[in-house]
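J.: Submitted below is the structure of interest, expressed as structure tokens.
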Amino acid sequence: MGRRRRATMTFGEQMRRIYQMYVTAGGMLPVRLDDLYDFAQRQTPPLWQPRPSDARKQFRHQMAQALRDDYFTDEKGRSVRRTLPILVNGFDENGNKKKESLWDDIDTGTQTHVEASLSLRRRQIVGDCKQMKNDADHRNDEHPEEPPIRLLFDFTRDVEESELPDRYDPGIPDNDAEPDILI
């Protein structure tokens, strides 16, 4: 009888397995990722090794990060991201469909490109909010004896506050005698 073929785990499953092994071995929670790395490296053989990298993939990742981190200060003192990505359908070297990003300058790119990029970032924010709501709802359902975690998804005041000066100016009137508390 032949050997049974073992199903392979995805990379994410392998990483989560290391986390579970750490917890099962009595590792302290909450855990720092550096502590997880040290745990994985102490095992024989080590549970994690850097993956051989595809130079093109590594370049794309590093370039995307560099472009994402490229900010300038405009004439009104606002920090602005210089280059904006959009996602388009493309094909890999084997002819399989894949998403790829196209980057353009915020000032010289087309209005369509900038709007599509901002729309993409908005969808990412909505996805993060949906996941945060799922997490809070789960926690609330699992711990009904505790006060529920309540979330507010109207960020209008947060954005307004983020635009205020960092320093106190006694010349600016205080319009909020009793500020609202947002969670």
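Labeling convention for the structure tokens: chains A, B, ... as they appear, residues from 1 per chain, ligands from 1 in order of appearance.
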Quick one: everything within 12 Å of region 57-64 of chain A, counting only C-alpha atoms, minus sequence neighbours fewer than 3 positions away in the same chain. Send it as a ChimeraX atom specification.

T.: /A:51-54,67-70,83-86,92,100-104

J.: If you count only C-alpha atoms, which residues fall within 12 Å of region 33-42 of chain A, apart from same-chain ones fewer than 4 positions away, as a list in words?

T.: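 After dropping sequence-adjacent residues, the list is Gln14, Met15, Arg16, Arg17, Ile18, Tyr19, Gln20, Met21, Tyr22, Val23, Thr24, Ala25, Gly26, Gly27, Met28, Leu29, Pro46, Leu47, Trp48, Gln49 and Pro50 of chain A.
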
J.: Next, dump the selected residues to file, keeping only N, CA and C atoms, as a PDB file, in the first residue's frame.

T.:
```pdb
ATOM      1  N   GLN A  14       0.432  27.519   8.516  1.00  0.00           N
ATOM      2  CA  GLN A  14       1.706  27.163   9.150  1.00  0.00           C
ATOM      3  C   GLN A  14       2.061  28.187  10.233  1.00  0.00           C
ATOM      4  N   MET A  15       1.854  29.465   9.932  1.00  0.00           N
ATOM      5  CA  MET A  15       2.175  30.500  10.910  1.00  0.00           C
ATOM      6  C   MET A  15       1.246  30.402  12.122  1.00  0.00           C
ATOM      7  N   ARG A  16      -0.051  30.174  11.877  1.00  0.00           N
ATOM      8  CA  ARG A  16      -0.989  30.041  12.992  1.00  0.00           C
ATOM      9  C   ARG A  16      -0.694  28.795  13.815  1.00  0.00           C
ATOM     10  N   ARG A  17      -0.164  27.748  13.190  1.00  0.00           N
ATOM     11  CA  ARG A  17       0.228  26.532  13.910  1.00  0.00           C
ATOM     12  C   ARG A  17       1.354  26.847  14.899  1.00  0.00           C
ATOM     13  N   ILE A  18       2.314  27.673  14.496  1.00  0.00           N
ATOM     14  CA  ILE A  18       3.398  28.076  15.397  1.00  0.00           C
ATOM     15  C   ILE A  18       2.811  28.798  16.608  1.00  0.00           C
ATOM     16  N   TYR A  19       1.862  29.686  16.373  1.00  0.00           N
ATOM     17  CA  TYR A  19       1.209  30.410  17.465  1.00  0.00           C
ATOM     18  C   TYR A  19       0.543  29.418  18.419  1.00  0.00           C
ATOM     19  N   GLN A  20      -0.213  28.448  17.872  1.00  0.00           N
ATOM     20  CA  GLN A  20      -0.899  27.467  18.716  1.00  0.00           C
ATOM     21  C   GLN A  20       0.099  26.607  19.491  1.00  0.00           C
ATOM     22  N   MET A  21       1.209  26.242  18.863  1.00  0.00           N
ATOM     23  CA  MET A  21       2.238  25.462  19.548  1.00  0.00           C
ATOM     24  C   MET A  21       2.813  26.274  20.716  1.00  0.00           C
ATOM     25  N   TYR A  22       3.034  27.565  20.498  1.00  0.00           N
ATOM     26  CA  TYR A  22       3.544  28.448  21.544  1.00  0.00           C
ATOM     27  C   TYR A  22       2.570  28.475  22.720  1.00  0.00           C
ATOM     28  N   VAL A  23       1.286  28.647  22.438  1.00  0.00           N
ATOM     29  CA  VAL A  23       0.271  28.705  23.492  1.00  0.00           C
ATOM     30  C   VAL A  23       0.209  27.365  24.224  1.00  0.00           C
ATOM     31  N   THR A  24       0.196  26.256  23.483  1.00  0.00           N
ATOM     32  CA  THR A  24       0.126  24.920  24.077  1.00  0.00           C
ATOM     33  C   THR A  24       1.338  24.643  24.965  1.00  0.00           C
ATOM     34  N   ALA A  25       2.499  25.193  24.572  1.00  0.00           N
ATOM     35  CA  ALA A  25       3.728  24.994  25.348  1.00  0.00           C
ATOM     36  C   ALA A  25       3.773  25.894  26.587  1.00  0.00           C
ATOM     37  N   GLY A  26       2.705  26.651  26.823  1.00  0.00           N
ATOM     38  CA  GLY A  26       2.658  27.491  28.022  1.00  0.00           C
ATOM     39  C   GLY A  26       3.158  28.898  27.813  1.00  0.00           C
ATOM     40  N   GLY A  27       3.281  29.317  26.570  1.00  0.00           N
ATOM     41  CA  GLY A  27       3.750  30.673  26.291  1.00  0.00           C
ATOM     42  C   GLY A  27       2.808  31.714  26.865  1.00  0.00           C
ATOM     43  N   MET A  28       3.370  32.834  27.278  1.00  0.00           N
ATOM     44  CA  MET A  28       2.605  33.911  27.903  1.00  0.00           C
ATOM     45  C   MET A  28       1.770  34.661  26.865  1.00  0.00           C
ATOM     46  N   LEU A  29       0.536  34.984  27.253  1.00  0.00           N
ATOM     47  CA  LEU A  29      -0.346  35.798  26.413  1.00  0.00           C
ATOM     48  C   LEU A  29      -0.687  37.067  27.171  1.00  0.00           C
ATOM     49  N   PRO A  46      14.074  24.337  13.418  1.00  0.00           N
ATOM     50  CA  PRO A  46      13.295  25.562  13.593  1.00  0.00           C
ATOM     51  C   PRO A  46      11.960  25.474  12.847  1.00  0.00           C
ATOM     52  N   LEU A  47      10.920  26.016  13.447  1.00  0.00           N
ATOM     53  CA  LEU A  47       9.582  25.947  12.856  1.00  0.00           C
ATOM     54  C   LEU A  47       9.378  26.951  11.734  1.00  0.00           C
ATOM     55  N   TRP A  48      10.294  27.899  11.607  1.00  0.00           N
ATOM     56  CA  TRP A  48      10.136  28.913  10.566  1.00  0.00           C
ATOM     57  C   TRP A  48      11.504  29.270  10.018  1.00  0.00           C
ATOM     58  N   GLN A  49      11.570  29.391   8.725  1.00  0.00           N
ATOM     59  CA  GLN A  49      12.773  29.856   8.036  1.00  0.00           C
ATOM     60  C   GLN A  49      12.340  30.872   6.986  1.00  0.00           C
ATOM     61  N   PRO A  50      13.171  31.851   6.707  1.00  0.00           N
ATOM     62  CA  PRO A  50      12.799  32.784   5.642  1.00  0.00           C
ATOM     63  C   PRO A  50      12.591  32.022   4.340  1.00  0.00           C
TER      64      PRO A  50
END
```

J.: Using the chain letters and numbers from this document, which residues of chain A does DSSP assign to strand (DSSP E), as a short mmCIF file (atom, residue, chain, number, x, y, z; two decimals) with N, CA and C atoms, in the first residue's frame?

T.:
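After the write, out_3.cif holds the following:
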```cif
data_model
loop_
_atom_site.label_atom_id
_atom_site.label_comp_id
_atom_site.auth_asym_id
_atom_site.auth_seq_id
_atom_site.Cartn_x
_atom_site.Cartn_y
_atom_site.Cartn_z
N TYR A 71 5.37 60.95 1.18
CA TYR A 71 4.48 62.06 1.50
C TYR A 71 5.20 63.38 1.26
N PHE A 72 4.43 64.41 0.99
CA PHE A 72 4.97 65.77 0.94
C PHE A 72 4.00 66.68 1.69
N THR A 73 4.47 67.86 2.04
CA THR A 73 3.63 68.85 2.71
C THR A 73 3.20 69.87 1.67
N SER A 79 -0.15 66.99 5.11
CA SER A 79 0.66 65.86 4.69
C SER A 79 -0.15 65.09 3.64
N VAL A 80 0.42 64.92 2.44
CA VAL A 80 -0.29 64.34 1.31
C VAL A 80 0.53 63.19 0.73
N ARG A 81 -0.13 62.08 0.46
CA ARG A 81 0.55 60.96 -0.19
C ARG A 81 0.77 61.33 -1.66
N THR A 83 2.04 59.39 -4.32
CA THR A 83 1.65 58.42 -5.34
C THR A 83 0.51 57.55 -4.84
N LEU A 84 -0.45 57.30 -5.72
CA LEU A 84 -1.66 56.57 -5.36
C LEU A 84 -1.83 55.35 -6.25
N PRO A 85 -2.19 54.20 -5.64
CA PRO A 85 -2.38 52.98 -6.45
C PRO A 85 -3.86 52.75 -6.78
N ILE A 86 -4.08 52.05 -7.87
CA ILE A 86 -5.38 51.46 -8.16
C ILE A 86 -5.13 49.99 -8.49
N LEU A 87 -6.17 49.18 -8.41
CA LEU A 87 -6.06 47.77 -8.78
C LEU A 87 -6.72 47.56 -10.14
N VAL A 88 -6.04 46.82 -11.00
CA VAL A 88 -6.57 46.47 -12.31
C VAL A 88 -6.40 44.97 -12.52
N ASN A 89 -7.18 44.43 -13.44
CA ASN A 89 -7.02 43.02 -13.79
C ASN A 89 -5.83 42.87 -14.72
N GLY A 90 -5.05 41.86 -14.45
CA GLY A 90 -3.89 41.55 -15.28
C GLY A 90 -3.72 40.05 -15.36
N PHE A 91 -2.58 39.62 -15.87
CA PHE A 91 -2.29 38.20 -16.02
C PHE A 91 -0.88 37.92 -15.54
N LYS A 97 -5.40 34.94 -14.41
CA LYS A 97 -5.84 36.27 -14.01
C LYS A 97 -5.26 36.62 -12.65
N LYS A 98 -4.89 37.88 -12.49
CA LYS A 98 -4.42 38.37 -11.20
C LYS A 98 -4.70 39.86 -11.12
N LYS A 99 -4.74 40.37 -9.91
CA LYS A 99 -4.87 41.80 -9.70
C LYS A 99 -3.47 42.39 -9.63
N GLU A 100 -3.30 43.54 -10.23
CA GLU A 100 -2.03 44.22 -10.11
C GLU A 100 -2.28 45.70 -9.88
N SER A 101 -1.32 46.36 -9.29
CA SER A 101 -1.51 47.77 -8.97
C SER A 101 -0.82 48.65 -10.00
N LEU A 102 -1.47 49.77 -10.27
CA LEU A 102 -0.91 50.82 -11.11
C LEU A 102 -0.81 52.07 -10.25
N TRP A 103 0.35 52.70 -10.26
CA TRP A 103 0.61 53.86 -9.41
C TRP A 103 0.71 55.11 -10.26
N ASP A 104 0.20 56.22 -9.72
CA ASP A 104 0.32 57.50 -10.42
C ASP A 104 0.42 58.63 -9.40
N ASP A 105 0.94 59.75 -9.85
CA ASP A 105 1.15 60.93 -9.01
C ASP A 105 -0.18 61.62 -8.74
#
```

J.: Pull the alpha helix (DSSP H) assignments for region 119-174 of chain A out of DSSP run on the backbone, and list those residues as an MDAnalysis selection string.

T.: chainID A and resid 119:142 156:162

J.: When you draw a straight line from CA of Leu118 (chain A) to CA of Gly95 (chain A), how long is it in Å?

T.: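 Spanning CA of Leu118 (chain A) to CA of Gly95 (chain A) is a straight-line distance of 29.1 Å.
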
J.: Any idea what the distance is between CA of Pro147 (chain A) and CA of Lys130 (chain A)?

T.: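 Computed distance, CA of Pro147 (chain A) to CA of Lys130 (chain A), equals 20.7 Å.
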
J.: Do you know which residues are at most 10 Å from Arg139 (chain A) counting only C-alpha atoms, after dropping those on the same chain fewer than 5 positions away, and could you put them as a VMD selection string?

T.: chain A and resid 133 to 134 144 146 148 to 149
